[in-house]
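As stored in my_file12.cif (mmCIF, C-alpha atoms):
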```cif
data_work
#
loop_
_atom_site.group_PDB
_atom_site.id
_atom_site.type_symbol
_atom_site.label_atom_id
_atom_site.label_comp_id
_atom_site.auth_asym_id
_atom_site.auth_seq_id
_atom_site.Cartn_x
_atom_site.Cartn_y
_atom_site.Cartn_z
ATOM 1 C CA MET A 1 7.076 197.192 -115.883
ATOM 2 C CA LYS A 2 4.518 199.873 -115.086
ATOM 3 C CA VAL A 3 0.889 198.855 -115.479
ATOM 4 C CA ILE A 4 -2.504 200.516 -114.965
ATOM 5 C CA LEU A 5 -4.880 198.339 -112.968
ATOM 6 C CA LEU A 6 -8.337 197.823 -114.457
ATOM 7 C CA LYS A 7 -9.579 195.741 -111.508
ATOM 8 C CA ASP A 8 -8.641 195.567 -107.841
ATOM 9 C CA HIS A 9 -5.781 193.199 -107.078
ATOM 10 C CA LYS A 10 -5.075 192.257 -103.474
ATOM 11 C CA GLU A 11 -1.280 192.431 -103.834
ATOM 12 C CA LEU A 12 -0.854 195.304 -106.295
ATOM 13 C CA GLY A 13 -3.585 197.798 -105.480
ATOM 14 C CA LYS A 14 -6.969 199.166 -106.476
ATOM 15 C CA ALA A 15 -8.447 199.726 -109.913
ATOM 16 C CA GLY A 16 -7.232 202.908 -111.595
ATOM 17 C CA GLU A 17 -3.811 202.943 -109.920
ATOM 18 C CA LEU A 18 -0.469 203.054 -111.707
ATOM 19 C CA VAL A 19 1.724 200.323 -110.201
ATOM 20 C CA GLU A 20 4.943 198.454 -110.819
ATOM 21 C CA ALA A 21 4.673 194.732 -111.664
ATOM 22 C CA LYS A 22 7.193 192.123 -112.759
ATOM 23 C CA ASP A 23 7.327 191.651 -116.539
ATOM 24 C CA GLY A 24 6.395 187.958 -116.567
ATOM 25 C CA PHE A 25 3.564 188.419 -114.057
ATOM 26 C CA ALA A 26 2.136 191.260 -116.128
ATOM 27 C CA ARG A 27 2.387 189.456 -119.495
ATOM 28 C CA ASN A 28 1.296 186.006 -118.302
ATOM 29 C CA PHE A 29 -1.311 186.855 -115.662
ATOM 30 C CA LEU A 30 -2.479 190.493 -115.571
ATOM 31 C CA PHE A 31 -2.872 191.209 -119.301
ATOM 32 C CA PRO A 32 -4.619 187.944 -120.353
ATOM 33 C CA ARG A 33 -7.106 188.231 -117.456
ATOM 34 C CA LYS A 34 -7.797 191.923 -118.225
ATOM 35 C CA VAL A 35 -6.706 192.918 -114.710
ATOM 36 C CA ALA A 36 -4.272 195.533 -116.040
ATOM 37 C CA ILE A 37 -3.002 197.229 -119.175
ATOM 38 C CA GLU A 38 0.510 198.301 -120.040
ATOM 39 C CA ALA A 39 1.355 201.881 -119.089
ATOM 40 C CA ASN A 40 2.507 203.035 -122.535
ATOM 41 C CA GLU A 41 2.232 206.654 -123.720
ATOM 42 C CA GLU A 42 -1.275 206.265 -125.163
ATOM 43 C CA ASN A 43 -2.699 204.475 -122.111
ATOM 44 C CA LEU A 44 -0.975 206.897 -119.706
ATOM 45 C CA ALA A 45 -2.473 209.900 -121.514
ATOM 46 C CA GLU A 46 -5.972 208.377 -121.276
ATOM 47 C CA TRP A 47 -5.368 207.477 -117.606
ATOM 48 C CA LYS A 48 -4.301 211.053 -116.802
ATOM 49 C CA LYS A 49 -7.433 212.454 -118.501
ATOM 50 C CA GLN A 50 -9.616 210.070 -116.493
ATOM 51 C CA LYS A 51 -7.861 211.025 -113.251
ATOM 52 C CA ALA A 52 -8.402 214.735 -113.971
ATOM 53 C CA ILE A 53 -12.129 214.131 -114.573
ATOM 54 C CA GLU A 54 -12.413 212.117 -111.335
ATOM 55 C CA GLU A 55 -10.630 214.840 -109.333
ATOM 56 C CA LYS A 56 -12.941 217.506 -110.769
ATOM 57 C CA GLU A 57 -16.033 215.457 -109.849
ATOM 58 C CA GLU A 58 -14.596 214.860 -106.375
ATOM 59 C CA ALA A 59 -14.095 218.598 -105.864
ATOM 60 C CA GLU A 60 -17.658 219.370 -107.028
ATOM 61 C CA ASN A 61 -19.127 216.708 -104.733
ATOM 62 C CA LYS A 62 -17.153 218.020 -101.764
ATOM 63 C CA LYS A 63 -18.258 221.588 -102.503
ATOM 64 C CA ALA A 64 -21.915 220.456 -102.645
ATOM 65 C CA ALA A 65 -21.469 218.612 -99.341
ATOM 66 C CA LEU A 66 -20.015 221.737 -97.709
ATOM 67 C CA GLU A 67 -22.989 223.820 -98.899
ATOM 68 C CA LEU A 68 -25.372 221.182 -97.551
ATOM 69 C CA LYS A 69 -23.479 221.249 -94.252
ATOM 70 C CA LYS A 70 -24.059 225.010 -93.928
ATOM 71 C CA LYS A 71 -27.769 224.586 -94.626
ATOM 72 C CA ILE A 72 -28.128 221.725 -92.128
ATOM 73 C CA GLU A 73 -26.250 223.475 -89.331
ATOM 74 C CA LYS A 74 -28.517 226.539 -89.628
ATOM 75 C CA SER A 75 -31.667 224.445 -89.281
ATOM 76 C CA LYS A 76 -33.437 222.610 -86.499
ATOM 77 C CA VAL A 77 -35.736 219.584 -86.719
ATOM 78 C CA GLU A 78 -38.631 219.174 -84.303
ATOM 79 C CA LEU A 79 -40.097 215.766 -83.513
ATOM 80 C CA LYS A 80 -43.143 215.017 -81.368
ATOM 81 C CA ALA A 81 -43.369 211.955 -79.161
ATOM 82 C CA LYS A 82 -45.381 210.715 -76.225
ATOM 83 C CA ALA A 83 -43.533 210.760 -72.942
ATOM 84 C CA GLY A 84 -43.987 209.710 -69.348
ATOM 85 C CA GLU A 85 -42.677 211.236 -66.148
ATOM 86 C CA GLY A 86 -39.290 212.934 -66.248
ATOM 87 C CA GLY A 87 -39.360 213.396 -70.037
ATOM 88 C CA LYS A 88 -38.678 209.707 -70.821
ATOM 89 C CA LEU A 89 -40.198 208.767 -74.145
ATOM 90 C CA PHE A 90 -42.474 205.821 -74.805
ATOM 91 C CA GLY A 91 -40.309 204.212 -77.465
ATOM 92 C CA ALA A 92 -37.397 206.071 -79.031
ATOM 93 C CA ILE A 93 -36.456 208.439 -81.838
ATOM 94 C CA THR A 94 -34.391 206.558 -84.446
ATOM 95 C CA SER A 95 -32.216 207.698 -87.331
ATOM 96 C CA LYS A 96 -35.089 206.815 -89.692
ATOM 97 C CA ASP A 97 -37.400 209.214 -87.801
ATOM 98 C CA ILE A 98 -34.794 211.977 -88.038
ATOM 99 C CA ALA A 99 -34.253 211.378 -91.789
ATOM 100 C CA THR A 100 -38.010 211.522 -92.421
ATOM 101 C CA ALA A 101 -38.423 214.719 -90.383
ATOM 102 C CA LEU A 102 -35.444 216.333 -92.127
ATOM 103 C CA ASP A 103 -37.035 215.601 -95.501
ATOM 104 C CA LYS A 104 -40.531 216.833 -94.523
ATOM 105 C CA GLN A 105 -39.528 219.934 -92.536
ATOM 106 C CA ILE A 106 -36.485 221.232 -94.411
ATOM 107 C CA GLY A 107 -36.583 219.378 -97.724
ATOM 108 C CA ILE A 108 -33.193 217.690 -97.415
ATOM 109 C CA LYS A 109 -33.051 213.992 -98.226
ATOM 110 C CA ILE A 110 -30.388 212.170 -96.246
ATOM 111 C CA ASP A 111 -29.940 208.409 -96.039
ATOM 112 C CA LYS A 112 -30.618 207.147 -92.522
ATOM 113 C CA LYS A 113 -27.252 205.332 -92.599
ATOM 114 C CA LYS A 114 -25.472 208.702 -92.715
ATOM 115 C CA ILE A 115 -27.049 209.768 -89.428
ATOM 116 C CA GLU A 116 -24.715 208.803 -86.611
ATOM 117 C CA LEU A 117 -26.582 208.048 -83.404
ATOM 118 C CA SER A 118 -24.647 206.263 -80.678
ATOM 119 C CA ASP A 119 -28.013 205.232 -79.218
ATOM 120 C CA ASN A 120 -31.610 206.119 -80.071
ATOM 121 C CA ILE A 121 -32.956 209.315 -78.465
ATOM 122 C CA LYS A 122 -35.030 208.297 -75.445
ATOM 123 C CA THR A 123 -35.596 211.632 -73.677
ATOM 124 C CA SER A 124 -37.257 214.889 -74.639
ATOM 125 C CA GLY A 125 -35.241 218.041 -75.183
ATOM 126 C CA LEU A 126 -32.570 219.266 -77.581
ATOM 127 C CA THR A 127 -30.003 216.815 -78.944
ATOM 128 C CA ASN A 128 -27.133 217.385 -81.373
ATOM 129 C CA VAL A 129 -26.893 214.655 -84.003
ATOM 130 C CA ASN A 130 -23.877 214.108 -86.254
ATOM 131 C CA LEU A 131 -24.468 213.588 -90.002
ATOM 132 C CA LYS A 132 -21.741 212.124 -92.206
ATOM 133 C CA LEU A 133 -22.301 213.885 -95.532
ATOM 134 C CA TYR A 134 -19.058 213.075 -97.323
ATOM 135 C CA PRO A 135 -15.621 211.806 -96.309
ATOM 136 C CA GLU A 136 -14.145 214.495 -94.042
ATOM 137 C CA VAL A 137 -17.416 216.511 -94.131
ATOM 138 C CA ASN A 138 -19.641 216.131 -91.074
ATOM 139 C CA ALA A 139 -22.572 218.320 -90.031
ATOM 140 C CA THR A 140 -24.316 218.742 -86.701
ATOM 141 C CA LEU A 141 -28.118 218.834 -86.739
ATOM 142 C CA LYS A 142 -30.152 220.117 -83.802
ATOM 143 C CA VAL A 143 -33.004 217.724 -83.035
ATOM 144 C CA SER A 144 -35.675 218.966 -80.658
ATOM 145 C CA VAL A 145 -37.920 216.288 -79.152
ATOM 146 C CA VAL A 146 -41.190 217.759 -77.853
ATOM 147 C CA THR A 147 -43.593 215.764 -75.697
ATOM 148 C CA GLU A 148 -47.224 215.549 -76.676
#
```

Could you write out this structure as structure tokens?
Amino acid sequence: MKVILLKDHKELGKAGELVEAKDGFARNFLFPRKVAIEANEENLAEWKKQKAIEEKEEAENKKAALELKKKIEKSKVELKAKAGEGGKLFGAITSKDIATALDKQIGIKIDKKKIELSDNIKTSGLTNVNLKLYPEVNATLKVSVVTE
């Protein structure tokens, strides 16, 4: 029997998927617990409409992320920090510092968790930082650390 999952199920799949389940399992477990609904004509039509809406939203979000990527890759963020001999900073530049500077200087708000730093920036100069904007959409931001 084909069913549409309403909730994630570890053996069958994720919510919103159309899956095959045994008749007894569906009638005695999935339907009473509201984990799934039967994939009849009416429910399938509604499911297809919902999938089309989700795909459209996904495409719009990806397009917005690509536009943001273009804007980010054209820009450069400058941070000031105190440094000692050889350009070594007192302290370090973190992803939070970069997110704050990006918001103040360019006007783009990015969550600090989306900024991928292998290690905090500890030297002055130009550094390329990877930003994960959307699945499969990454941007490279130029971060210039200037000593005071």

- Item | Shortest interatomic distance to A:Asn43 - which of A:Lys88, A:Lys63, A:Lys2, A:Lys112, counting all atoms listed in the file |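 So, comparing all the options, the nearest one is A:Lys2.
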
- Message: Suppose a student applies the PyMOL selection byres ((chain A and resi 134-139) around 7) to this structure; what residues should they get, written as a count of residues only?
- Response: 12

- Between atom CA of A:Glu55 and atom CA of A:Phe31, what is the spacing in Å?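 Going from atom CA of A:Phe31 over to atom CA of A:Glu55, I get 26.8 Å.
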
Let me know the residues the PyMOL selection byres ((chain A and resi 126) around 6) catches in the file above, as a PDB file with C-alpha atoms, keeping the file's coordinate frame.
```
ATOM      1  CA  GLY A 125     -35.241 218.041 -75.183  1.00  0.00           C
ATOM      2  CA  THR A 127     -30.003 216.815 -78.944  1.00  0.00           C
ATOM      3  CA  VAL A 143     -33.004 217.724 -83.035  1.00  0.00           C
ATOM      4  CA  SER A 144     -35.675 218.966 -80.658  1.00  0.00           C
TER       5      SER A 144
END
```

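Between atom CA of A:Phe90 and atom CA of A:Lys113 the interatomic distance comes to 23.4 Å.
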
- Query: Can you find the residues with an atom no farther than 8 Å from (-28.2, 206.7, -88.0), counting only C-alpha atoms, and report them as a PyMOL selection string?
  - Reply: chain A and resi 94-96+112-117

Go through the shown structure with the PyMOL selection byres ((chain A and resi 121) around 7) and write out the matching residues as a PDB file with C-alpha atoms, in the coordinates of the input.
```
ATOM      1  CA  ALA A  92     -37.397 206.071 -79.031  1.00  0.00           C
ATOM      2  CA  ILE A  93     -36.456 208.439 -81.838  1.00  0.00           C
ATOM      3  CA  THR A  94     -34.391 206.558 -84.446  1.00  0.00           C
ATOM      4  CA  ASP A 119     -28.013 205.232 -79.218  1.00  0.00           C
ATOM      5  CA  ASN A 120     -31.610 206.119 -80.071  1.00  0.00           C
ATOM      6  CA  LYS A 122     -35.030 208.297 -75.445  1.00  0.00           C
ATOM      7  CA  THR A 123     -35.596 211.632 -73.677  1.00  0.00           C
TER       8      THR A 123
END
```

- Figure out the distance between atom CA of A:Glu78 and atom CA of A:Ala101, please, to one decimal in Å. 7.5 Å

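Using all atoms listed in the file for every distance, the candidate list A:Lys71, A:Gly107, A:Gly86, A:Ile4 yields A:Ile4 as the residue closest to A:Glu46.
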
- Task: Could you tell me which of A:Thr100, A:Asn40, A:Asn61, A:Ser118 comes closest to A:Leu18 if we count all atoms listed in the file?
- Result: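 The answer is A:Asn40, which sits nearest to A:Leu18.
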
- Note on the structure: Shortest contact to A:Gln50, candidates A:Ala21, A:Gly16, A:Ala26, A:Val35, atoms counted all atoms listed in the file, goes to A:Gly16

Box along x, y and z, 6 Å on every side, all listed atoms of stretch 74-87 of chain A inside: centre and edge lengths in Å to one decimal, as JSON.
```
{"center_x": -36.9, "center_y": 218.1, "center_z": -77.9, "size_x": 28.9, "size_y": 28.8, "size_z": 35.5}
```

- Test item: residues at most 7 Å from A:Val146, only C-alpha atoms, excluding those fewer than 6 positions along its chain, as a PyMOL selection string: chain A and resi 79-81+124-125

- Using all atoms listed in the file, the shortest atom-to-atom distance to A:Ile98 among A:Arg33, A:Lys142, A:Lys49, A:Lys14 belongs to A:Lys142

- Item | Using all atoms listed in the file: which of A:Ala59, A:Ala64, A:Ile110, A:Val3 has the shortest distance to A:Ala36 | A:Val3

List the neighbours of A:Lys22 out to 12 Å using all atoms listed in the file; skip same-chain residues closer than 3 positions along the sequence, and give me the result as a PDB file with C-alpha atoms, in the coordinates of the input.
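Output below, filename part16.pdb:
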```
ATOM      1  CA  MET A   1       7.076 197.192-115.883  1.00  0.00           C
ATOM      2  CA  LYS A   2       4.518 199.873-115.086  1.00  0.00           C
ATOM      3  CA  VAL A   3       0.889 198.855-115.479  1.00  0.00           C
ATOM      4  CA  LEU A  12      -0.854 195.304-106.295  1.00  0.00           C
ATOM      5  CA  VAL A  19       1.724 200.323-110.201  1.00  0.00           C
ATOM      6  CA  PHE A  25       3.564 188.419-114.057  1.00  0.00           C
ATOM      7  CA  ALA A  26       2.136 191.260-116.128  1.00  0.00           C
ATOM      8  CA  ARG A  27       2.387 189.456-119.495  1.00  0.00           C
ATOM      9  CA  ASN A  28       1.296 186.006-118.302  1.00  0.00           C
ATOM     10  CA  PHE A  29      -1.311 186.855-115.662  1.00  0.00           C
ATOM     11  CA  LEU A  30      -2.479 190.493-115.571  1.00  0.00           C
ATOM     12  CA  GLU A  38       0.510 198.301-120.040  1.00  0.00           C
TER      13      GLU A  38
END
```

Since the input lacks some atoms of stretch 111-125 of chain A, please model N, CA and C atoms and print them as a PDB file, in the frame of the given file.
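Final output, rebuild-v3.pdb:
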```
ATOM      1  N   ASP A 111     -29.789 209.828 -96.342  1.00  0.00           N
ATOM      2  CA  ASP A 111     -29.940 208.409 -96.039  1.00  0.00           C
ATOM      3  C   ASP A 111     -29.785 208.200 -94.534  1.00  0.00           C
ATOM      4  N   LYS A 112     -30.645 207.367 -93.974  1.00  0.00           N
ATOM      5  CA  LYS A 112     -30.618 207.147 -92.522  1.00  0.00           C
ATOM      6  C   LYS A 112     -29.287 206.559 -92.065  1.00  0.00           C
ATOM      7  N   LYS A 113     -28.548 205.911 -92.954  1.00  0.00           N
ATOM      8  CA  LYS A 113     -27.252 205.332 -92.599  1.00  0.00           C
ATOM      9  C   LYS A 113     -26.192 206.405 -92.368  1.00  0.00           C
ATOM     10  N   LYS A 114     -26.428 207.613 -92.889  1.00  0.00           N
ATOM     11  CA  LYS A 114     -25.472 208.702 -92.715  1.00  0.00           C
ATOM     12  C   LYS A 114     -25.691 209.463 -91.412  1.00  0.00           C
ATOM     13  N   ILE A 115     -26.768 209.130 -90.713  1.00  0.00           N
ATOM     14  CA  ILE A 115     -27.049 209.768 -89.428  1.00  0.00           C
ATOM     15  C   ILE A 115     -26.405 208.929 -88.344  1.00  0.00           C
ATOM     16  N   GLU A 116     -25.470 209.536 -87.618  1.00  0.00           N
ATOM     17  CA  GLU A 116     -24.715 208.803 -86.611  1.00  0.00           C
ATOM     18  C   GLU A 116     -25.305 209.030 -85.230  1.00  0.00           C
ATOM     19  N   LEU A 117     -26.035 208.033 -84.762  1.00  0.00           N
ATOM     20  CA  LEU A 117     -26.582 208.048 -83.404  1.00  0.00           C
ATOM     21  C   LEU A 117     -25.880 206.952 -82.615  1.00  0.00           C
ATOM     22  N   SER A 118     -25.271 207.301 -81.496  1.00  0.00           N
ATOM     23  CA  SER A 118     -24.647 206.263 -80.678  1.00  0.00           C
ATOM     24  C   SER A 118     -25.720 205.361 -80.084  1.00  0.00           C
ATOM     25  N   ASP A 119     -26.864 205.965 -79.720  1.00  0.00           N
ATOM     26  CA  ASP A 119     -28.013 205.232 -79.218  1.00  0.00           C
ATOM     27  C   ASP A 119     -29.253 206.042 -79.589  1.00  0.00           C
ATOM     28  N   ASN A 120     -30.384 205.404 -79.736  1.00  0.00           N
ATOM     29  CA  ASN A 120     -31.610 206.119 -80.071  1.00  0.00           C
ATOM     30  C   ASN A 120     -31.925 207.157 -79.002  1.00  0.00           C
ATOM     31  N   ILE A 121     -32.601 208.243 -79.400  1.00  0.00           N
ATOM     32  CA  ILE A 121     -32.956 209.315 -78.465  1.00  0.00           C
ATOM     33  C   ILE A 121     -34.156 208.846 -77.651  1.00  0.00           C
ATOM     34  N   LYS A 122     -33.984 208.832 -76.322  1.00  0.00           N
ATOM     35  CA  LYS A 122     -35.030 208.297 -75.445  1.00  0.00           C
ATOM     36  C   LYS A 122     -35.575 209.322 -74.465  1.00  0.00           C
ATOM     37  N   THR A 123     -35.104 210.580 -74.565  1.00  0.00           N
ATOM     38  CA  THR A 123     -35.596 211.632 -73.677  1.00  0.00           C
ATOM     39  C   THR A 123     -35.981 212.852 -74.502  1.00  0.00           C
ATOM     40  N   SER A 124     -36.869 213.667 -73.940  1.00  0.00           N
ATOM     41  CA  SER A 124     -37.257 214.889 -74.639  1.00  0.00           C
ATOM     42  C   SER A 124     -36.185 215.947 -74.426  1.00  0.00           C
ATOM     43  N   GLY A 125     -36.215 216.954 -75.289  1.00  0.00           N
ATOM     44  CA  GLY A 125     -35.241 218.041 -75.183  1.00  0.00           C
ATOM     45  C   GLY A 125     -34.461 218.189 -76.479  1.00  0.00           C
TER      46      GLY A 125
END
```
